[in-house]
$ cat coords.cif   # mmCIF, C-alpha atoms
data_start
#
loop_
_atom_site.group_PDB
_atom_site.id
_atom_site.type_symbol
_atom_site.label_atom_id
_atom_site.label_comp_id
_atom_site.auth_asym_id
_atom_site.auth_seq_id
_atom_site.Cartn_x
_atom_site.Cartn_y
_atom_site.Cartn_z
ATOM 1 C CA MET A 272 -86.970 -47.872 17.810
ATOM 2 C CA HIS A 273 -88.098 -45.234 20.243
ATOM 3 C CA SER A 274 -91.280 -45.389 22.208
ATOM 4 C CA PHE A 275 -94.398 -43.901 20.734
ATOM 5 C CA THR A 276 -94.620 -41.552 23.709
ATOM 6 C CA GLU A 277 -91.177 -40.072 22.967
ATOM 7 C CA VAL A 278 -92.106 -39.520 19.328
ATOM 8 C CA LEU A 279 -95.381 -37.835 20.233
ATOM 9 C CA LYS A 280 -93.618 -35.649 22.824
ATOM 10 C CA ALA A 281 -91.152 -34.591 20.137
ATOM 11 C CA LEU A 282 -94.078 -33.519 17.969
ATOM 12 C CA SER A 283 -95.673 -31.509 20.772
ATOM 13 C CA ASP A 284 -93.868 -28.374 19.568
ATOM 14 C CA SER A 285 -95.289 -26.505 16.558
ATOM 15 C CA THR A 286 -91.837 -25.736 15.138
ATOM 16 C CA ARG A 287 -90.952 -29.433 15.113
ATOM 17 C CA VAL A 288 -94.240 -30.255 13.388
ATOM 18 C CA ARG A 289 -93.432 -27.591 10.789
ATOM 19 C CA ILE A 290 -89.986 -29.126 10.254
ATOM 20 C CA VAL A 291 -91.421 -32.611 9.744
ATOM 21 C CA HIS A 292 -94.069 -31.198 7.398
ATOM 22 C CA LEU A 293 -91.372 -29.397 5.400
ATOM 23 C CA LEU A 294 -89.214 -32.511 5.112
ATOM 24 C CA LEU A 295 -92.226 -34.616 4.148
ATOM 25 C CA SER A 296 -92.983 -32.155 1.351
ATOM 26 C CA VAL A 297 -89.543 -32.896 -0.140
ATOM 27 C CA TYR A 298 -89.577 -36.619 0.743
ATOM 28 C CA GLY A 299 -86.655 -38.446 -0.807
ATOM 29 C CA THR A 300 -84.495 -35.325 -0.652
ATOM 30 C CA SER A 301 -82.459 -33.996 2.233
ATOM 31 C CA LEU A 302 -82.222 -30.393 3.374
ATOM 32 C CA CYS A 303 -79.358 -28.693 5.152
ATOM 33 C CA VAL A 304 -79.975 -26.656 8.286
ATOM 34 C CA CYS A 305 -79.658 -23.390 6.353
ATOM 35 C CA GLU A 306 -82.475 -24.424 3.991
ATOM 36 C CA VAL A 307 -84.747 -25.259 6.917
ATOM 37 C CA VAL A 308 -83.858 -21.931 8.564
ATOM 38 C CA ASP A 309 -84.758 -20.060 5.362
ATOM 39 C CA ALA A 310 -88.018 -21.956 4.868
ATOM 40 C CA LEU A 311 -89.231 -21.525 8.445
ATOM 41 C CA GLU A 312 -87.762 -18.062 9.024
ATOM 42 C CA GLU A 313 -86.523 -19.141 12.448
ATOM 43 C CA PRO A 314 -83.081 -18.588 14.033
ATOM 44 C CA GLN A 315 -80.438 -21.201 13.238
ATOM 45 C CA TYR A 316 -79.816 -22.162 16.866
ATOM 46 C CA LYS A 317 -83.519 -22.882 17.367
ATOM 47 C CA VAL A 318 -83.845 -24.963 14.195
ATOM 48 C CA SER A 319 -80.698 -26.958 15.041
ATOM 49 C CA ARG A 320 -82.035 -27.775 18.497
ATOM 50 C CA HIS A 321 -85.372 -28.962 17.092
ATOM 51 C CA LEU A 322 -83.683 -31.028 14.367
ATOM 52 C CA ARG A 323 -81.527 -32.730 17.000
ATOM 53 C CA ILE A 324 -84.628 -33.635 19.049
ATOM 54 C CA LEU A 325 -86.397 -35.060 15.999
ATOM 55 C CA SER A 326 -83.309 -37.071 15.060
ATOM 56 C CA ARG A 327 -82.945 -38.444 18.576
ATOM 57 C CA VAL A 328 -86.439 -39.970 18.522
ATOM 58 C CA GLY A 329 -85.908 -41.526 15.099
ATOM 59 C CA LEU A 330 -88.042 -39.296 12.884
ATOM 60 C CA LEU A 331 -85.122 -37.873 10.920
ATOM 61 C CA SER A 332 -81.888 -39.198 9.547
ATOM 62 C CA GLU A 333 -78.846 -36.989 9.238
ATOM 63 C CA THR A 334 -75.911 -37.116 6.855
ATOM 64 C CA LYS A 335 -72.750 -35.103 7.374
ATOM 65 C CA ASP A 336 -71.005 -33.613 4.375
ATOM 66 C CA GLY A 337 -67.995 -31.711 5.649
ATOM 67 C CA ARG A 338 -69.328 -28.852 7.753
ATOM 68 C CA TRP A 339 -72.881 -29.342 6.484
ATOM 69 C CA VAL A 340 -75.476 -31.629 8.009
ATOM 70 C CA HIS A 341 -78.365 -32.707 5.789
ATOM 71 C CA TYR A 342 -81.623 -33.986 7.261
ATOM 72 C CA SER A 343 -84.299 -36.159 5.719
ATOM 73 C CA ILE A 344 -87.344 -38.080 6.889
ATOM 74 C CA GLN A 345 -86.538 -41.538 8.181
ATOM 75 C CA SER A 346 -88.319 -44.291 6.250
ATOM 76 C CA PRO A 347 -91.395 -45.494 8.132
ATOM 77 C CA GLU A 348 -90.455 -48.479 10.303
ATOM 78 C CA SER A 349 -93.993 -49.341 11.286
ATOM 79 C CA PRO A 350 -97.605 -48.497 10.510
ATOM 80 C CA PHE A 351 -97.429 -45.995 13.385
ATOM 81 C CA PHE A 352 -94.834 -43.908 11.532
ATOM 82 C CA SER A 353 -96.720 -44.231 8.238
ATOM 83 C CA HIS A 354 -99.901 -42.906 9.820
ATOM 84 C CA LEU A 355 -98.010 -40.218 11.685
ATOM 85 C CA TYR A 356 -96.330 -38.990 8.493
ATOM 86 C CA GLU A 357 -99.671 -39.038 6.708
ATOM 87 C CA ALA A 358 -101.275 -36.928 9.454
ATOM 88 C CA VAL A 359 -98.434 -34.394 9.640
ATOM 89 C CA GLY A 360 -97.950 -34.227 5.878
ATOM 90 C CA SER A 361 -101.522 -33.272 5.075
#
$ encode --input "coords.cif" --output "structure tokens"
Amino acid sequence: MHSFTEVLKALSDSTRVRIVHLLLSVYGTSLCVCEVVDALEEPQYKVSRHLRILSRVGLLSETKDGRWVHYSIQSPESPFFSHLYEAVGS
């Protein structure tokens, strides 16, 4: 588990908050990078960088399927993550 400070730093960028909000809206489903790019209308390189940061701090899980990488929200490990997801998701 990563420190709360690292998680909050990761969410200090509006694009990363938008990504978490998007993935929370489809909770239980994973999205590939191209779907996140289309939804946010941001360049692929930028979205990939933000997804990597969110994965590193434990907010997202990633699954590789050939050349594709699918991202989904990590299940809440603690009340902190539950409250964080509730705040970002609303």
$ closest_residue --input "coords.cif" --among "A:His321, A:Val297, A:Asp309, A:Ala358" --to "Ile344 in chain A" --atoms "all atoms listed in the file"
A:Val297
$ closest_residue --input "coords.cif" --among "A:Ser326, A:Gln345, A:Ser361, A:Ser332" --to "Ser296 in chain A" --atoms "only C-alpha atoms"
A:Ser361
$ resolve_selection --input "coords.cif" --expression "the PyMOL selection byres ((chain A and resi 340) around 10)" --output "PyMOL selection string"
chain A and resi 301-305+319+333-339+341-342
$ resolve_selection --input "coords.cif" --expression "the PyMOL selection byres ((chain A and resi 351) around 12)" --output "list of chain:residue names"
A:Met272, A:His273, A:Ser274, A:Phe275, A:Thr276, A:Val278, A:Leu279, A:Leu330, A:Ser346, A:Pro347, A:Glu348, A:Ser349, A:Pro350, A:Phe352, A:Ser353, A:His354, A:Leu355, A:Tyr356, A:Glu357, A:Ala358
$ closest_residue --input "coords.cif" --among "A:Leu294, A:Val359, A:Val318, A:Val307" --to "Leu331 in chain A" --atoms "only C-alpha atoms"
A:Leu294
$ resolve_selection --input "coords.cif" --expression "the PyMOL selection byres ((chain A and resi 320) around 12)" --output "ChimeraX atom specification"
/A:281,284,286-287,290,304,308,313-319,321-327
$ write_last_selection --input "coords.cif" --atoms "C-alpha atoms" --output "PDB file, in the frame of the given file"
ATOM      1  CA  ALA A 281     -91.152 -34.591  20.137  1.00  0.00           C
ATOM      2  CA  ASP A 284     -93.868 -28.374  19.568  1.00  0.00           C
ATOM      3  CA  THR A 286     -91.837 -25.736  15.138  1.00  0.00           C
ATOM      4  CA  ARG A 287     -90.952 -29.433  15.113  1.00  0.00           C
ATOM      5  CA  ILE A 290     -89.986 -29.126  10.254  1.00  0.00           C
ATOM      6  CA  VAL A 304     -79.975 -26.656   8.286  1.00  0.00           C
ATOM      7  CA  VAL A 308     -83.858 -21.931   8.564  1.00  0.00           C
ATOM      8  CA  GLU A 313     -86.523 -19.141  12.448  1.00  0.00           C
ATOM      9  CA  PRO A 314     -83.081 -18.588  14.033  1.00  0.00           C
ATOM     10  CA  GLN A 315     -80.438 -21.201  13.238  1.00  0.00           C
ATOM     11  CA  TYR A 316     -79.816 -22.162  16.866  1.00  0.00           C
ATOM     12  CA  LYS A 317     -83.519 -22.882  17.367  1.00  0.00           C
ATOM     13  CA  VAL A 318     -83.845 -24.963  14.195  1.00  0.00           C
ATOM     14  CA  SER A 319     -80.698 -26.958  15.041  1.00  0.00           C
ATOM     15  CA  HIS A 321     -85.372 -28.962  17.092  1.00  0.00           C
ATOM     16  CA  LEU A 322     -83.683 -31.028  14.367  1.00  0.00           C
ATOM     17  CA  ARG A 323     -81.527 -32.730  17.000  1.00  0.00           C
ATOM     18  CA  ILE A 324     -84.628 -33.635  19.049  1.00  0.00           C
ATOM     19  CA  LEU A 325     -86.397 -35.060  15.999  1.00  0.00           C
ATOM     20  CA  SER A 326     -83.309 -37.071  15.060  1.00  0.00           C
ATOM     21  CA  ARG A 327     -82.945 -38.444  18.576  1.00  0.00           C
TER      22      ARG A 327
END
$ residues_around --input "coords.cif" --residues "Arg289 in chain A" --least-positions-apart "6" --cutoff "10 Å" --atoms "only C-alpha atoms" --output "PyMOL selection string"
chain A and resi 282+295+307+310-311+359-360
$ write_last_selection --input "coords.cif" --atoms "C-alpha atoms" --output "mmCIF file, keeping the file's coordinate frame"
data_model
loop_
_atom_site.group_PDB
_atom_site.id
_atom_site.type_symbol
_atom_site.label_atom_id
_atom_site.label_comp_id
_atom_site.auth_asym_id
_atom_site.auth_seq_id
_atom_site.Cartn_x
_atom_site.Cartn_y
_atom_site.Cartn_z
ATOM 1 C CA LEU A 282 -94.078 -33.519 17.969
ATOM 2 C CA LEU A 295 -92.226 -34.616 4.148
ATOM 3 C CA VAL A 307 -84.747 -25.259 6.917
ATOM 4 C CA ALA A 310 -88.018 -21.956 4.868
ATOM 5 C CA LEU A 311 -89.231 -21.525 8.445
ATOM 6 C CA VAL A 359 -98.434 -34.394 9.640
ATOM 7 C CA GLY A 360 -97.950 -34.227 5.878
#
